[in-house]
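Trainee: As input, take my_file_9.cif (mmCIF, C-alpha atoms):
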```cif
data_upload
#
loop_
_atom_site.label_atom_id
_atom_site.label_comp_id
_atom_site.auth_asym_id
_atom_site.auth_seq_id
_atom_site.Cartn_x
_atom_site.Cartn_y
_atom_site.Cartn_z
CA MET B 1 -75.41 -19.42 48.82
CA THR B 2 -78.12 -16.74 48.88
CA LEU B 3 -79.76 -15.65 45.68
CA SER B 4 -78.41 -12.14 45.23
CA TYR B 5 -76.33 -10.12 42.81
CA ARG B 6 -73.04 -11.62 41.68
CA PRO B 7 -70.69 -9.65 39.41
CA GLY B 8 -70.09 -11.28 36.06
CA ASP B 9 -69.65 -10.80 32.34
CA SER B 10 -72.68 -12.71 31.08
CA PHE B 11 -75.06 -11.33 28.46
CA ALA B 12 -77.68 -10.49 31.11
CA HIS B 13 -75.15 -8.60 33.23
CA GLY B 14 -74.67 -6.06 30.45
CA LEU B 15 -78.37 -5.32 29.96
CA ASP B 16 -80.17 -2.25 31.18
CA PRO B 17 -82.28 -3.13 34.25
CA ARG B 18 -85.35 -1.54 32.66
CA SER B 19 -85.26 -3.98 29.77
CA LYS B 20 -84.88 -6.87 32.21
CA LEU B 21 -87.83 -5.63 34.25
CA ALA B 22 -89.93 -5.34 31.09
CA PHE B 23 -88.99 -8.89 30.12
CA GLN B 24 -89.98 -10.18 33.57
CA VAL B 25 -93.40 -8.56 33.34
CA ALA B 26 -93.97 -9.80 29.79
CA PHE B 27 -92.89 -13.32 30.72
CA ALA B 28 -95.20 -13.41 33.75
CA VAL B 29 -98.15 -12.20 31.64
CA ALA B 30 -97.44 -14.85 28.99
CA ALA B 31 -97.05 -17.55 31.65
CA PHE B 32 -100.42 -16.77 33.18
CA ALA B 33 -102.07 -16.53 29.76
CA HIS B 34 -100.77 -19.86 28.45
CA THR B 35 -101.08 -22.70 30.95
CA THR B 36 -101.43 -25.50 28.42
CA PRO B 37 -98.64 -28.11 28.19
CA ARG B 38 -97.62 -26.76 24.78
CA GLY B 39 -97.45 -23.17 26.04
CA LEU B 40 -95.48 -24.12 29.14
CA LEU B 41 -93.09 -26.16 27.01
CA ALA B 42 -92.39 -23.09 24.88
CA LEU B 43 -91.88 -20.98 28.00
CA THR B 44 -89.52 -23.62 29.38
CA ALA B 45 -87.32 -23.15 26.33
CA VAL B 46 -87.34 -19.40 27.03
CA VAL B 47 -86.31 -20.03 30.65
CA VAL B 48 -83.41 -22.25 29.51
CA ALA B 49 -82.20 -19.40 27.31
CA VAL B 50 -82.60 -16.89 30.17
CA LEU B 51 -80.59 -19.05 32.58
CA ALA B 52 -77.86 -19.52 29.98
CA ALA B 53 -77.73 -15.77 29.28
CA SER B 54 -77.40 -15.00 33.00
CA GLY B 55 -74.84 -17.67 33.87
CA LEU B 56 -77.18 -19.15 36.48
CA SER B 57 -77.65 -22.89 36.71
CA ALA B 58 -81.09 -24.41 37.18
CA ARG B 59 -79.74 -26.42 40.10
CA THR B 60 -78.75 -23.27 41.99
CA ALA B 61 -82.15 -21.67 41.36
CA LEU B 62 -83.95 -24.80 42.53
CA TYR B 63 -81.88 -24.92 45.70
CA GLU B 64 -82.55 -21.27 46.53
CA TYR B 65 -86.32 -21.72 46.06
CA ARG B 66 -86.47 -25.09 47.80
CA PHE B 67 -88.73 -23.75 50.58
CA VAL B 68 -91.43 -22.88 48.03
CA PHE B 69 -91.72 -26.30 46.43
CA PRO B 70 -93.59 -28.08 49.27
CA PHE B 71 -96.43 -25.56 48.82
CA LEU B 72 -96.35 -25.90 45.03
CA LEU B 73 -96.51 -29.68 45.31
CA ALA B 74 -99.25 -29.63 47.95
CA GLY B 75 -101.58 -27.68 45.66
CA PRO B 76 -102.05 -30.45 43.05
CA LEU B 77 -102.47 -33.06 45.80
CA PHE B 78 -105.25 -31.10 47.51
CA SER B 79 -106.90 -30.30 44.18
CA ALA B 80 -106.93 -33.95 43.09
CA ALA B 81 -108.23 -35.33 46.41
CA THR B 82 -112.00 -35.58 46.97
CA LEU B 83 -114.11 -36.55 49.99
CA GLY B 84 -115.96 -39.26 48.12
CA PRO B 85 -115.72 -41.52 45.06
CA PRO B 86 -113.73 -41.48 42.85
CA TRP B 87 -111.47 -40.03 45.67
CA ILE B 88 -108.95 -38.67 43.16
CA GLN B 89 -109.76 -36.31 40.27
CA TRP B 90 -106.75 -36.52 38.00
CA ASP B 91 -107.86 -33.70 35.71
CA ALA B 92 -108.11 -31.17 38.54
CA GLY B 93 -104.77 -32.24 39.95
CA PHE B 94 -103.10 -31.99 36.54
CA ASP B 95 -104.43 -28.47 35.94
CA THR B 96 -103.11 -27.33 39.33
CA LEU B 97 -99.77 -29.01 38.60
CA LEU B 98 -99.46 -26.98 35.42
CA ALA B 99 -100.21 -23.82 37.40
CA SER B 100 -97.50 -24.72 39.93
CA TYR B 101 -95.01 -25.35 37.16
CA ARG B 102 -95.87 -21.94 35.73
CA VAL B 103 -94.90 -20.36 39.04
CA VAL B 104 -91.57 -22.22 38.95
CA LEU B 105 -90.79 -20.76 35.53
CA VAL B 106 -91.56 -17.23 36.74
CA LEU B 107 -89.32 -17.78 39.77
CA PHE B 108 -86.47 -18.88 37.50
CA VAL B 109 -86.70 -15.67 35.48
CA SER B 110 -86.76 -13.65 38.71
CA ALA B 111 -83.70 -15.53 39.95
CA ALA B 112 -81.81 -14.61 36.79
CA TYR B 113 -82.71 -10.96 37.34
CA LEU B 114 -81.58 -11.00 40.96
CA ARG B 115 -78.28 -12.65 40.08
CA THR B 116 -77.39 -10.17 37.31
CA THR B 117 -78.74 -6.82 38.56
CA PRO B 118 -77.22 -4.66 41.33
CA VAL B 119 -79.66 -3.33 43.91
CA ARG B 120 -78.82 0.29 43.11
CA ASP B 121 -79.58 -0.31 39.42
CA SER B 122 -82.95 -1.85 40.29
CA ARG B 123 -83.83 1.16 42.42
CA ALA B 124 -82.72 3.55 39.69
CA ALA B 125 -84.80 1.71 37.08
CA ILE B 126 -87.94 1.77 39.22
CA GLN B 127 -87.59 5.45 40.11
CA ARG B 128 -87.18 6.33 36.42
CA LEU B 129 -90.21 4.27 35.42
CA VAL B 130 -92.46 5.56 38.23
CA PRO B 131 -92.14 9.34 38.68
CA GLY B 132 -92.51 11.36 41.84
CA LYS B 133 -92.64 10.31 45.47
CA ALA B 134 -94.39 7.06 44.56
CA GLY B 135 -91.41 5.95 42.50
CA GLN B 136 -88.97 6.98 45.23
CA LEU B 137 -90.94 5.06 47.85
CA LEU B 138 -91.25 2.00 45.61
CA GLY B 139 -87.58 2.09 44.66
CA MET B 140 -86.55 2.50 48.28
CA GLY B 141 -88.72 -0.46 49.31
CA VAL B 142 -87.37 -2.71 46.59
CA GLY B 143 -83.81 -1.78 47.48
CA PHE B 144 -84.39 -2.54 51.16
CA VAL B 145 -86.01 -5.90 50.40
CA PHE B 146 -83.20 -6.97 48.07
CA ARG B 147 -80.61 -6.11 50.70
CA PHE B 148 -82.51 -7.35 53.75
CA LEU B 149 -83.91 -10.66 52.48
CA PRO B 150 -80.52 -12.42 52.00
CA VAL B 151 -79.56 -11.37 55.53
CA LEU B 152 -82.75 -12.90 56.95
CA GLN B 153 -82.18 -16.08 54.96
CA ALA B 154 -78.67 -16.37 56.39
CA ASP B 155 -80.04 -15.82 59.91
CA LEU B 156 -82.59 -18.59 59.51
CA ARG B 157 -79.90 -20.90 58.17
CA ARG B 158 -77.67 -20.19 61.17
CA ILE B 159 -80.57 -20.73 63.59
CA ARG B 160 -81.39 -24.04 61.95
CA ASP B 161 -77.75 -25.20 62.06
CA ALA B 162 -77.39 -24.15 65.70
CA SER B 163 -80.57 -26.02 66.60
CA ALA B 164 -79.35 -29.15 64.80
CA ALA B 165 -76.01 -28.95 66.63
CA ARG B 166 -77.96 -29.09 69.91
CA LEU B 167 -79.99 -32.13 68.77
CA GLY B 168 -82.92 -29.91 67.86
CA ASP B 169 -83.43 -31.91 64.66
CA GLN B 170 -84.60 -34.85 66.79
CA GLN B 171 -87.63 -32.93 68.02
CA SER B 172 -91.02 -33.02 66.34
CA LEU B 173 -91.69 -31.00 63.21
CA VAL B 174 -94.02 -28.63 65.07
CA ALA B 175 -91.43 -27.98 67.76
CA ARG B 176 -88.72 -27.31 65.20
CA MET B 177 -90.96 -24.94 63.24
CA GLN B 178 -91.92 -23.11 66.45
CA ARG B 179 -88.30 -22.76 67.58
CA ILE B 180 -87.01 -21.55 64.22
CA GLY B 181 -90.02 -19.28 63.65
CA ILE B 182 -89.80 -17.53 67.02
CA SER B 183 -86.01 -17.19 66.86
CA GLY B 184 -86.16 -15.96 63.27
CA LEU B 185 -88.83 -13.37 64.09
CA ALA B 186 -86.84 -12.10 67.06
CA ARG B 187 -83.71 -11.83 64.92
CA ALA B 188 -85.64 -10.01 62.16
CA LEU B 189 -87.08 -7.46 64.61
CA SER B 190 -83.65 -6.88 66.12
CA ARG B 191 -82.11 -6.35 62.70
CA ALA B 192 -84.95 -4.00 61.72
CA ASP B 193 -84.24 -1.81 64.76
CA ARG B 194 -80.53 -1.67 63.97
CA PHE B 195 -81.31 -1.01 60.32
CA ALA B 196 -83.52 1.98 61.19
CA LEU B 197 -80.82 3.35 63.49
CA ALA B 198 -78.20 2.95 60.74
CA LEU B 199 -80.41 4.87 58.30
CA GLN B 200 -80.75 7.74 60.75
CA ALA B 201 -77.01 7.77 61.45
CA ARG B 202 -76.27 8.00 57.74
CA CYS B 203 -78.82 10.78 57.11
CA PHE B 204 -80.95 8.67 54.79
CA ALA B 205 -82.11 10.62 51.74
CA TRP B 206 -85.27 10.06 49.72
CA ASN B 207 -83.62 11.05 46.47
CA PRO B 208 -79.96 9.96 46.49
CA THR B 209 -77.64 10.14 43.51
CA LEU B 210 -78.48 7.04 41.47
CA PRO B 211 -76.28 5.34 38.88
CA PRO B 212 -76.84 6.41 35.25
CA LEU B 213 -78.80 4.05 33.04
CA ALA B 214 -78.61 3.80 29.27
CA PHE B 215 -80.02 1.39 26.71
CA SER B 216 -77.56 -0.26 24.32
CA ARG B 217 -77.78 -2.45 21.27
CA THR B 218 -77.77 -5.57 23.42
CA ASP B 219 -81.07 -4.47 24.94
CA ALA B 220 -82.83 -4.49 21.57
CA PRO B 221 -83.40 -8.28 21.37
CA VAL B 222 -84.62 -8.34 24.98
CA VAL B 223 -87.11 -5.55 24.33
CA ALA B 224 -88.23 -7.31 21.15
CA ALA B 225 -88.68 -10.56 23.08
CA SER B 226 -90.75 -8.72 25.69
CA VAL B 227 -93.03 -7.30 23.02
CA ALA B 228 -93.34 -10.74 21.41
CA LEU B 229 -94.31 -12.33 24.75
CA LEU B 230 -96.96 -9.67 25.37
CA MET B 231 -98.41 -10.13 21.89
CA TRP B 232 -98.43 -13.91 22.39
CA ALA B 233 -100.24 -13.45 25.70
CA LEU B 234 -102.95 -11.39 23.98
CA VAL B 235 -103.52 -13.91 21.22
#
```
Here is a file; write its structure as structure tokens.

Mentor:
Amino acid sequence: MTLSYRPGDSFAHGLDPRSKLAFQVAFAVAAFAHTTPRGLLALTAVVVAVLAASGLSARTALYEYRFVFPFLLAGPLFSAATLGPPWIQWDAGFDTLLASYRVVLVLFVSAAYLRTTPVRDSRAAIQRLVPGKAGQLLGMGVGFVFRFLPVLQADLRRIRDASAARLGDQQSLVARMQRIGISGLARALSRADRFALALQARCFAWNPTLPPLAFSRTDAPVVAASVALLMWALV
């Protein structure tokens, strides 16, 4: 299951994408401003509320971001290790562990946004927030990434399954990484060529007709929460 938009009737589905983008930015700022255990505990409670409001389970989000966790776990290990006595510095490792956990919280909020926001709405929100050609280019890029990334993830999954069916999982880790990496890159380049051809065939426009956006009463608490997070980050 790729982490992409799924229609639903949750609270987050009915929000304006601009308010959700503002909340993401405010949450990220607060997360990077408060890396103490108490601050991260408070942000964890916010993430639980976000996941509940979006109808997304923490288990699904963890599974979709499973490829990131080896890097997040390696950071504290490298930070704690030293080349001489005492060999392990627990304080340095603990500080890096808190930073890694902060990244996990930000990823959870991003996952809730991806699950509850159509790609066209995200592009419309960005182009309304950033005027001119810059906003059109940024909105176009975000829309392409949101549509293209799940396809690439599915390709890598199929390559991995095909390799395992041919006993590729019995090879060394380096060989498996090389096989999947080269095959995935070739598949991505091939898809990029077909994607460019499809855009030309459909007379791609820089400024297409975007869906209308409008704030509602349900956006008020989200905007208020965004302001509160920004104020907390500045304290």

Trainee: Give me the segment 58-126 of chain B side of the contact with segment 31-44 of chain B, cut-off 9 Å, one line per residue showing its nearest atom pair and distance in Å at one decimal, counting only C-alpha atoms, sorted by chain and residue number, as a Markdown table.

Mentor:
```
| residue | atom | partner | partner_atom | distance |
| --- | --- | --- | --- | --- |
| B:Asp95 | CA | B:Thr35 | CA | 8.3 |
| B:Leu98 | CA | B:Thr35 | CA | 6.4 |
| B:Ala99 | CA | B:Thr35 | CA | 6.6 |
| B:Tyr101 | CA | B:Leu40 | CA | 8.1 |
| B:Arg102 | CA | B:Ala31 | CA | 6.1 |
| B:Val103 | CA | B:Ala31 | CA | 8.2 |
| B:Leu105 | CA | B:Thr44 | CA | 6.9 |
| B:Val106 | CA | B:Ala31 | CA | 7.5 |
```

Trainee: Out of B:Ala12, B:Leu156, B:Leu62, B:Leu185, which residue has the shortest atom-to-atom distance to Thr218 of chain B when counting all atoms listed in the file?

Mentor: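 Ranking B:Ala12, B:Leu156, B:Leu62, B:Leu185 by distance to Thr218 of chain B, first place goes to B:Ala12.
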
Trainee: Could you tell me how far atom CA of Val151 of chain B sits from atom CA of Ala53 of chain B, in Å to one decimal place?

Mentor: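 These atoms are spaced 26.7 Å apart.
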
Trainee: Since I can't run it myself right now, could you work out what the PyMOL selection byres ((chain B and resi 91) around 12) selects here and report it as JSON, numbers by chain?

Mentor: {"B": [76, 77, 79, 80, 81, 88, 89, 90, 92, 93, 94, 95, 96, 97, 98]}

Trainee: Contacts of Ala154 of chain B at 12 Å or less, counting all atoms listed in the file, minus same-chain residues fewer than 5 places along, as an MDAnalysis selection string?

Mentor: chainID B and resid 1:4 64 147:149 159:161 184 187:188

Trainee: Keeping only C-alpha atoms, take the residues you just selected and write them out as an mmCIF file, in the coordinates of the input.

Mentor:
```cif
data_model
loop_
_atom_site.group_PDB
_atom_site.id
_atom_site.type_symbol
_atom_site.label_atom_id
_atom_site.label_comp_id
_atom_site.auth_asym_id
_atom_site.auth_seq_id
_atom_site.Cartn_x
_atom_site.Cartn_y
_atom_site.Cartn_z
ATOM 1 C CA MET B 1 -75.410 -19.420 48.820
ATOM 2 C CA THR B 2 -78.120 -16.740 48.880
ATOM 3 C CA LEU B 3 -79.760 -15.650 45.680
ATOM 4 C CA SER B 4 -78.410 -12.140 45.230
ATOM 5 C CA GLU B 64 -82.550 -21.270 46.530
ATOM 6 C CA ARG B 147 -80.610 -6.110 50.700
ATOM 7 C CA PHE B 148 -82.510 -7.350 53.750
ATOM 8 C CA LEU B 149 -83.910 -10.660 52.480
ATOM 9 C CA ILE B 159 -80.570 -20.730 63.590
ATOM 10 C CA ARG B 160 -81.390 -24.040 61.950
ATOM 11 C CA ASP B 161 -77.750 -25.200 62.060
ATOM 12 C CA GLY B 184 -86.160 -15.960 63.270
ATOM 13 C CA ARG B 187 -83.710 -11.830 64.920
ATOM 14 C CA ALA B 188 -85.640 -10.010 62.160
#
```

Trainee: Interatomic distance between atom CA of Phe215 of chain B and atom CA of Ala125 of chain B?

Mentor: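 That distance, rounded to one decimal, is 11.4 Å.
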
Trainee: What is the atom CA of Val235 of chain B to atom CA of Ser110 of chain B distance in Å?

Mentor: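 Atom CA of Ser110 of chain B lies at a distance of 24.2 Å from atom CA of Val235 of chain B.
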
Trainee: Given the PyMOL selection byres ((chain B and resi 25) around 12) and the file above, list the residues it selects as a ChimeraX atom specification.

Mentor: /B:18-24,26-32,106-107,109-110,113,223,225-227,229-230,233

Trainee: Those same residues, written as an mmCIF file, keeping the file's coordinate frame with C-alpha atoms?

Mentor:
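Output (selection.cif):
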```
data_model
loop_
_atom_site.group_PDB
_atom_site.id
_atom_site.type_symbol
_atom_site.label_atom_id
_atom_site.label_comp_id
_atom_site.auth_asym_id
_atom_site.auth_seq_id
_atom_site.Cartn_x
_atom_site.Cartn_y
_atom_site.Cartn_z
ATOM 1 C CA ARG B 18 -85.350 -1.540 32.660
ATOM 2 C CA SER B 19 -85.260 -3.980 29.770
ATOM 3 C CA LYS B 20 -84.880 -6.870 32.210
ATOM 4 C CA LEU B 21 -87.830 -5.630 34.250
ATOM 5 C CA ALA B 22 -89.930 -5.340 31.090
ATOM 6 C CA PHE B 23 -88.990 -8.890 30.120
ATOM 7 C CA GLN B 24 -89.980 -10.180 33.570
ATOM 8 C CA ALA B 26 -93.970 -9.800 29.790
ATOM 9 C CA PHE B 27 -92.890 -13.320 30.720
ATOM 10 C CA ALA B 28 -95.200 -13.410 33.750
ATOM 11 C CA VAL B 29 -98.150 -12.200 31.640
ATOM 12 C CA ALA B 30 -97.440 -14.850 28.990
ATOM 13 C CA ALA B 31 -97.050 -17.550 31.650
ATOM 14 C CA PHE B 32 -100.420 -16.770 33.180
ATOM 15 C CA VAL B 106 -91.560 -17.230 36.740
ATOM 16 C CA LEU B 107 -89.320 -17.780 39.770
ATOM 17 C CA VAL B 109 -86.700 -15.670 35.480
ATOM 18 C CA SER B 110 -86.760 -13.650 38.710
ATOM 19 C CA TYR B 113 -82.710 -10.960 37.340
ATOM 20 C CA VAL B 223 -87.110 -5.550 24.330
ATOM 21 C CA ALA B 225 -88.680 -10.560 23.080
ATOM 22 C CA SER B 226 -90.750 -8.720 25.690
ATOM 23 C CA VAL B 227 -93.030 -7.300 23.020
ATOM 24 C CA LEU B 229 -94.310 -12.330 24.750
ATOM 25 C CA LEU B 230 -96.960 -9.670 25.370
ATOM 26 C CA ALA B 233 -100.240 -13.450 25.700
#
```
